[in-house]
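*Asks:* This is work17.cif (mmCIF, C-alpha atoms).
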data_upload
loop_
_atom_site.label_atom_id
_atom_site.label_comp_id
_atom_site.auth_asym_id
_atom_site.auth_seq_id
_atom_site.Cartn_x
_atom_site.Cartn_y
_atom_site.Cartn_z
CA MET A 1 -178.92 81.62 70.13
CA TYR A 2 -180.54 79.48 67.43
CA LEU A 3 -183.96 78.37 66.30
CA ASP A 4 -184.46 74.86 67.67
CA HIS A 5 -187.56 73.78 65.78
CA VAL A 6 -190.80 74.75 64.06
CA SER A 7 -194.01 72.90 64.83
CA ILE A 8 -197.11 72.25 62.75
CA TYR A 9 -200.37 70.44 63.45
CA THR A 10 -201.67 67.66 61.22
CA PHE A 11 -204.62 65.30 61.15
CA ASP A 12 -202.41 62.49 59.81
CA LEU A 13 -199.06 62.19 61.61
CA GLU A 14 -197.83 59.15 59.71
CA ARG A 15 -198.55 60.60 56.27
CA LEU A 16 -196.83 63.90 57.03
CA LYS A 17 -193.86 62.20 58.73
CA ASP A 18 -193.38 59.92 55.75
CA PHE A 19 -193.45 62.90 53.35
CA TYR A 20 -190.66 64.79 55.11
CA VAL A 21 -188.59 61.66 55.69
CA LYS A 22 -188.90 60.43 52.08
CA TYR A 23 -188.47 63.65 50.11
CA PHE A 24 -186.32 65.78 52.43
CA SER A 25 -184.17 63.07 54.06
CA GLY A 26 -185.52 63.78 57.53
CA LYS A 27 -184.83 61.44 60.42
CA SER A 28 -187.78 60.80 62.72
CA ASN A 29 -187.76 59.96 66.39
CA ASP A 30 -190.23 57.53 67.93
CA LYS A 31 -193.76 58.85 68.30
CA TYR A 32 -194.59 60.54 71.60
CA HIS A 33 -198.16 60.02 72.83
CA ASN A 34 -199.58 61.72 75.91
CA GLU A 35 -202.52 59.52 76.89
CA MET A 36 -204.06 62.21 79.12
CA THR A 37 -204.25 65.00 76.53
CA GLY A 38 -204.27 62.96 73.31
CA LEU A 39 -201.24 64.86 72.02
CA GLN A 40 -199.09 62.85 69.61
CA THR A 41 -195.85 64.16 68.10
CA TYR A 42 -192.83 63.33 66.00
CA PHE A 43 -189.65 65.35 65.75
CA ILE A 44 -188.05 65.14 62.31
CA THR A 45 -184.41 66.20 62.15
CA PHE A 46 -182.72 67.48 59.00
CA ASP A 47 -178.92 67.33 58.72
CA GLU A 48 -178.69 67.05 62.52
CA VAL A 49 -179.42 70.78 62.78
CA ALA A 50 -182.97 71.84 61.96
CA ARG A 51 -186.03 70.09 63.38
CA LEU A 52 -189.69 70.00 62.46
CA GLU A 53 -192.19 68.91 65.09
CA ILE A 54 -195.41 67.53 63.67
CA MET A 55 -198.27 67.23 66.14
CA PHE A 56 -201.81 65.91 66.43
CA ARG A 57 -204.39 66.78 69.06
CA PRO A 58 -208.00 65.60 68.97
CA GLU A 59 -209.35 69.16 69.20
CA ILE A 60 -207.45 70.74 66.27
CA ILE A 61 -209.47 72.32 63.47
CA GLU A 62 -208.87 72.85 59.75
CA LEU A 63 -207.83 76.34 58.63
CA ASP A 64 -209.13 78.12 55.54
CA ARG A 65 -206.07 77.97 53.29
CA SER A 66 -207.79 79.79 50.43
CA VAL A 67 -206.78 83.17 51.86
CA PRO A 68 -203.44 84.33 53.31
CA SER A 69 -203.42 84.60 57.08
CA ILE A 70 -201.15 85.62 59.92
CA GLY A 71 -198.57 83.05 60.94
CA LEU A 72 -195.96 80.89 59.27
CA THR A 73 -196.23 80.92 55.50
CA HIS A 74 -193.81 78.23 54.37
CA LEU A 75 -190.93 75.92 55.20
CA CYS A 76 -187.81 76.17 53.04
CA PHE A 77 -185.24 73.50 52.25
CA HIS A 78 -181.93 74.49 50.65
CA LEU A 79 -180.73 71.78 48.26
CA GLY A 80 -177.58 73.44 46.98
CA SER A 81 -178.07 73.34 43.21
CA ARG A 82 -180.60 74.16 40.52
CA GLU A 83 -180.42 70.58 39.27
CA LYS A 84 -181.47 69.26 42.68
CA VAL A 85 -184.33 71.78 42.87
CA ASP A 86 -185.52 70.73 39.41
CA GLY A 87 -185.17 67.01 40.21
CA LEU A 88 -186.99 67.06 43.54
CA THR A 89 -189.73 69.32 42.19
CA GLU A 90 -190.26 66.98 39.25
CA LYS A 91 -190.36 63.93 41.55
CA LEU A 92 -192.90 65.55 43.88
CA VAL A 93 -195.17 66.51 40.97
CA GLU A 94 -194.85 63.00 39.47
CA ASP A 95 -195.88 61.58 42.84
CA GLY A 96 -199.04 63.71 42.84
CA TYR A 97 -198.11 66.67 45.04
CA THR A 98 -199.37 70.12 44.10
CA LEU A 99 -196.94 72.47 42.38
CA LYS A 100 -197.54 76.01 43.57
CA LYS A 101 -194.59 77.67 41.80
CA ALA A 102 -192.45 76.03 39.12
CA PRO A 103 -188.66 76.27 39.43
CA ARG A 104 -187.55 79.77 38.52
CA LEU A 105 -185.08 82.54 39.22
CA THR A 106 -186.77 85.06 41.51
CA GLY A 107 -186.42 88.83 41.34
CA ASP A 108 -184.18 88.77 44.40
CA GLY A 109 -181.79 86.26 42.84
CA TYR A 110 -182.92 82.94 44.31
CA TYR A 111 -183.61 79.80 42.28
CA GLU A 112 -186.60 78.10 43.86
CA SER A 113 -189.83 76.20 43.46
CA CYS A 114 -192.77 75.70 45.80
CA VAL A 115 -194.92 72.61 46.38
CA LEU A 116 -197.63 71.77 48.89
CA ASP A 117 -197.10 69.01 51.43
CA PRO A 118 -199.92 66.51 52.07
CA ASP A 119 -201.64 69.00 54.41
CA GLY A 120 -201.34 71.95 52.04
CA ASN A 121 -198.39 73.61 53.81
CA GLU A 122 -196.11 75.46 51.41
CA VAL A 123 -192.65 73.94 51.04
CA GLU A 124 -190.12 76.09 49.24
CA ILE A 125 -187.25 74.26 47.56
CA LEU A 126 -184.19 76.49 47.16
CA ALA A 127 -180.84 76.27 45.37
#
Step by step, read the file and then write its structure as structure tokens.

*Replies:*
Amino acid sequence: MYLDHVSIYTFDLERLKDFYVKYFSGKSNDKYHNEMTGLQTYFITFDEVARLEIMFRPEIIELDRSVPSIGLTHLCFHLGSREKVDGLTEKLVEDGYTLKKAPRLTGDGYYESCVLDPDGNEVEILA
């Protein structure tokens, strides 16, 4: 058994797709559009293993991100080295993305940072 994919809603499919393709080397499929329901999706594949489905539906609503809530809390990408974590974090901040947690060694022994994607989803970057 394995986890096939995680899915998130967005108001701007192209912007979110471009973010994950550019910064995390994702490979996107062609957009799917169901004319009857208005659903539009992309699957973004990372290293031919993990997939992220980004979706839009006309009836989705914005969540209050100012307070923690039940559900997924973040996506995590393992880069393999502290230098890569530092470099990608620096690039994302230079490009205007919000830094939530600067690169650091955590109490449980991980080296990580956390940024927000264009929709405010937390993206953990791990060595």

*Asks:* Taking the point (-193.6, 71.7, 57.4) as given in the file, collect each protein or nucleic acid residue that comes within 8 Å of it, counting all atoms listed in the file, and present the set as a list in words.

*Replies:*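 Within the cut-off we find Val6, Ser7, Ile8, Tyr20, Leu52, Ile54, His74, Leu75, Asp117, Asn121, Glu122 and Val123 of chain A.
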
*Asks:* Could you jot down the CA of Arg51 in chain A to CA of Met36 in chain A separation for me, Å, one decimal place?

*Replies:* 25.2 Å

*Asks:* Distance CA of Ser113 in chain A-CA of Ala127 in chain A, one decimal place?

*Replies:*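 So the answer is 9.2 Å.
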
*Asks:* Do a neighbour search on Gly38 in chain A at 10 Å with all atoms listed in the file, toss out local chain neighbours closer than 3 positions, and write the hits as a list of chain:residue names.

*Replies:*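 Contacts, with the query itself left out: A:His33, A:Asn34, A:Glu35, A:Thr41, A:Phe56, A:Arg57, A:Pro58, A:Glu59.
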
*Asks:* What is the distance between CA of Met55 in chain A and CA of Glu14 in chain A, in Å to one decimal?

*Replies:*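 We find that CA of Met55 in chain A and CA of Glu14 in chain A lie 10.3 Å from each other.
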
*Asks:* Give me the result of the PyMOL selection byres ((chain A and resi 65) around 12) on this file, residue by residue, as number ranges by chain.

*Replies:* A: 62-64, 66-71, 73, 116, 119-122

*Asks:* For this structure, which residues satisfy the selection - the PyMOL selection byres ((chain A and resi 80) around 12) - when it is evaluated on the file as given? I want them as a list in words.

*Replies:* Phe77, His78, Leu79, Ser81, Arg82, Glu83, Lys84, Val85, Asp86, Leu88, Tyr110, Tyr111, Glu112, Ile125, Leu126 and Ala127 of chain A

*Asks:* Once the PyMOL selection byres ((chain A and resi 44) around 9) has been evaluated on this model, what residues remain selected, and can you format them as a ChimeraX atom specification?

*Replies:* /A:17,20-21,26-29,42-43,45-46,50-54

*Asks:* Identify which of the residues A:Tyr2, A:Phe24, A:Tyr97, A:Phe11 lies closest to Cys76 in chain A, counting all atoms listed in the file when measuring atom-to-atom distances.

*Replies:*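 The shortest atom-to-atom distance to Cys76 in chain A comes from A:Phe24.
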
*Asks:* Taking every listed atom of range 97-106 of chain A and adding 6 Å to each side, what centre and edge lengths in Å (one decimal) does the axis-aligned box have, as JSON?

*Replies:*
{"center_x": -192.2, "center_y": 75.9, "center_z": 41.8, "size_x": 26.3, "size_y": 30.4, "size_z": 18.5}

*Asks:* Excluding Thr89 in chain A and any residue of its chain fewer than 6 positions from it, enumerate the residues within 8 Å of it, using all atoms listed in the file, and give them as a list in words.

*Replies:* Leu99, Ala102, Pro103, Ser113, Cys114, Val115 and Ile125 of chain A

*Asks:* Kindly output range 26-52 of chain A as a PDB file, in the coordinates of the input, after building N, CA and C atoms.

*Replies:*
ATOM      1  N   GLY A  26    -185.386  63.578  56.091  1.00  0.00           N
ATOM      2  CA  GLY A  26    -185.520  63.780  57.530  1.00  0.00           C
ATOM      3  C   GLY A  26    -185.363  62.478  58.294  1.00  0.00           C
ATOM      4  N   LYS A  27    -184.949  62.589  59.523  1.00  0.00           N
ATOM      5  CA  LYS A  27    -184.830  61.440  60.420  1.00  0.00           C
ATOM      6  C   LYS A  27    -185.834  61.641  61.546  1.00  0.00           C
ATOM      7  N   SER A  28    -186.717  60.680  61.722  1.00  0.00           N
ATOM      8  CA  SER A  28    -187.780  60.800  62.720  1.00  0.00           C
ATOM      9  C   SER A  28    -187.418  60.081  64.014  1.00  0.00           C
ATOM     10  N   ASN A  29    -187.863  60.672  65.121  1.00  0.00           N
ATOM     11  CA  ASN A  29    -187.760  59.960  66.390  1.00  0.00           C
ATOM     12  C   ASN A  29    -188.962  59.039  66.527  1.00  0.00           C
ATOM     13  N   ASP A  30    -189.058  58.330  67.639  1.00  0.00           N
ATOM     14  CA  ASP A  30    -190.230  57.530  67.930  1.00  0.00           C
ATOM     15  C   ASP A  30    -191.379  58.447  68.313  1.00  0.00           C
ATOM     16  N   LYS A  31    -192.592  58.026  67.998  1.00  0.00           N
ATOM     17  CA  LYS A  31    -193.760  58.850  68.300  1.00  0.00           C
ATOM     18  C   LYS A  31    -193.936  59.012  69.810  1.00  0.00           C
ATOM     19  N   TYR A  32    -194.221  60.247  70.214  1.00  0.00           N
ATOM     20  CA  TYR A  32    -194.590  60.540  71.600  1.00  0.00           C
ATOM     21  C   TYR A  32    -196.102  60.601  71.645  1.00  0.00           C
ATOM     22  N   HIS A  33    -196.709  59.982  72.668  1.00  0.00           N
ATOM     23  CA  HIS A  33    -198.160  60.020  72.830  1.00  0.00           C
ATOM     24  C   HIS A  33    -198.488  60.269  74.297  1.00  0.00           C
ATOM     25  N   ASN A  34    -199.118  61.403  74.564  1.00  0.00           N
ATOM     26  CA  ASN A  34    -199.580  61.720  75.910  1.00  0.00           C
ATOM     27  C   ASN A  34    -201.014  61.219  76.027  1.00  0.00           C
ATOM     28  N   GLU A  35    -201.203  60.149  76.752  1.00  0.00           N
ATOM     29  CA  GLU A  35    -202.520  59.520  76.890  1.00  0.00           C
ATOM     30  C   GLU A  35    -203.548  60.441  77.545  1.00  0.00           C
ATOM     31  N   MET A  36    -203.111  61.329  78.421  1.00  0.00           N
ATOM     32  CA  MET A  36    -204.060  62.210  79.120  1.00  0.00           C
ATOM     33  C   MET A  36    -204.627  63.295  78.216  1.00  0.00           C
ATOM     34  N   THR A  37    -203.788  63.886  77.373  1.00  0.00           N
ATOM     35  CA  THR A  37    -204.250  65.000  76.530  1.00  0.00           C
ATOM     36  C   THR A  37    -204.573  64.576  75.101  1.00  0.00           C
ATOM     37  N   GLY A  38    -204.090  63.414  74.686  1.00  0.00           N
ATOM     38  CA  GLY A  38    -204.270  62.960  73.310  1.00  0.00           C
ATOM     39  C   GLY A  38    -203.209  63.478  72.362  1.00  0.00           C
ATOM     40  N   LEU A  39    -202.305  64.321  72.860  1.00  0.00           N
ATOM     41  CA  LEU A  39    -201.240  64.860  72.020  1.00  0.00           C
ATOM     42  C   LEU A  39    -200.336  63.745  71.529  1.00  0.00           C
ATOM     43  N   GLN A  40    -200.038  63.775  70.221  1.00  0.00           N
ATOM     44  CA  GLN A  40    -199.090  62.850  69.610  1.00  0.00           C
ATOM     45  C   GLN A  40    -198.123  63.684  68.779  1.00  0.00           C
ATOM     46  N   THR A  41    -196.830  63.371  68.841  1.00  0.00           N
ATOM     47  CA  THR A  41    -195.850  64.160  68.100  1.00  0.00           C
ATOM     48  C   THR A  41    -194.729  63.292  67.550  1.00  0.00           C
ATOM     49  N   TYR A  42    -194.110  63.806  66.504  1.00  0.00           N
ATOM     50  CA  TYR A  42    -192.830  63.330  66.000  1.00  0.00           C
ATOM     51  C   TYR A  42    -191.927  64.546  65.859  1.00  0.00           C
ATOM     52  N   PHE A  43    -190.658  64.367  66.120  1.00  0.00           N
ATOM     53  CA  PHE A  43    -189.650  65.350  65.750  1.00  0.00           C
ATOM     54  C   PHE A  43    -188.904  64.765  64.552  1.00  0.00           C
ATOM     55  N   ILE A  44    -188.795  65.544  63.499  1.00  0.00           N
ATOM     56  CA  ILE A  44    -188.050  65.140  62.310  1.00  0.00           C
ATOM     57  C   ILE A  44    -186.836  66.046  62.219  1.00  0.00           C
ATOM     58  N   THR A  45    -185.665  65.450  62.174  1.00  0.00           N
ATOM     59  CA  THR A  45    -184.410  66.200  62.150  1.00  0.00           C
ATOM     60  C   THR A  45    -183.823  66.173  60.756  1.00  0.00           C
ATOM     61  N   PHE A  46    -183.328  67.336  60.315  1.00  0.00           N
ATOM     62  CA  PHE A  46    -182.720  67.480  59.000  1.00  0.00           C
ATOM     63  C   PHE A  46    -181.261  67.869  59.183  1.00  0.00           C
ATOM     64  N   ASP A  47    -180.358  67.077  58.639  1.00  0.00           N
ATOM     65  CA  ASP A  47    -178.920  67.330  58.720  1.00  0.00           C
ATOM     66  C   ASP A  47    -178.435  67.576  60.139  1.00  0.00           C
ATOM     67  N   GLU A  48    -179.073  66.959  61.102  1.00  0.00           N
ATOM     68  CA  GLU A  48    -178.690  67.050  62.520  1.00  0.00           C
ATOM     69  C   GLU A  48    -178.689  68.482  63.050  1.00  0.00           C
ATOM     70  N   VAL A  49    -179.401  69.389  62.367  1.00  0.00           N
ATOM     71  CA  VAL A  49    -179.420  70.780  62.780  1.00  0.00           C
ATOM     72  C   VAL A  49    -180.854  71.273  62.983  1.00  0.00           C
ATOM     73  N   ALA A  50    -181.606  71.316  61.914  1.00  0.00           N
ATOM     74  CA  ALA A  50    -182.970  71.840  61.960  1.00  0.00           C
ATOM     75  C   ALA A  50    -183.949  70.721  62.305  1.00  0.00           C
ATOM     76  N   ARG A  51    -185.013  71.087  63.027  1.00  0.00           N
ATOM     77  CA  ARG A  51    -186.030  70.090  63.380  1.00  0.00           C
ATOM     78  C   ARG A  51    -187.425  70.635  63.078  1.00  0.00           C
ATOM     79  N   LEU A  52    -188.286  69.719  62.677  1.00  0.00           N
ATOM     80  CA  LEU A  52    -189.690  70.000  62.460  1.00  0.00           C
ATOM     81  C   LEU A  52    -190.479  69.105  63.401  1.00  0.00           C
TER      82      LEU A  52
END
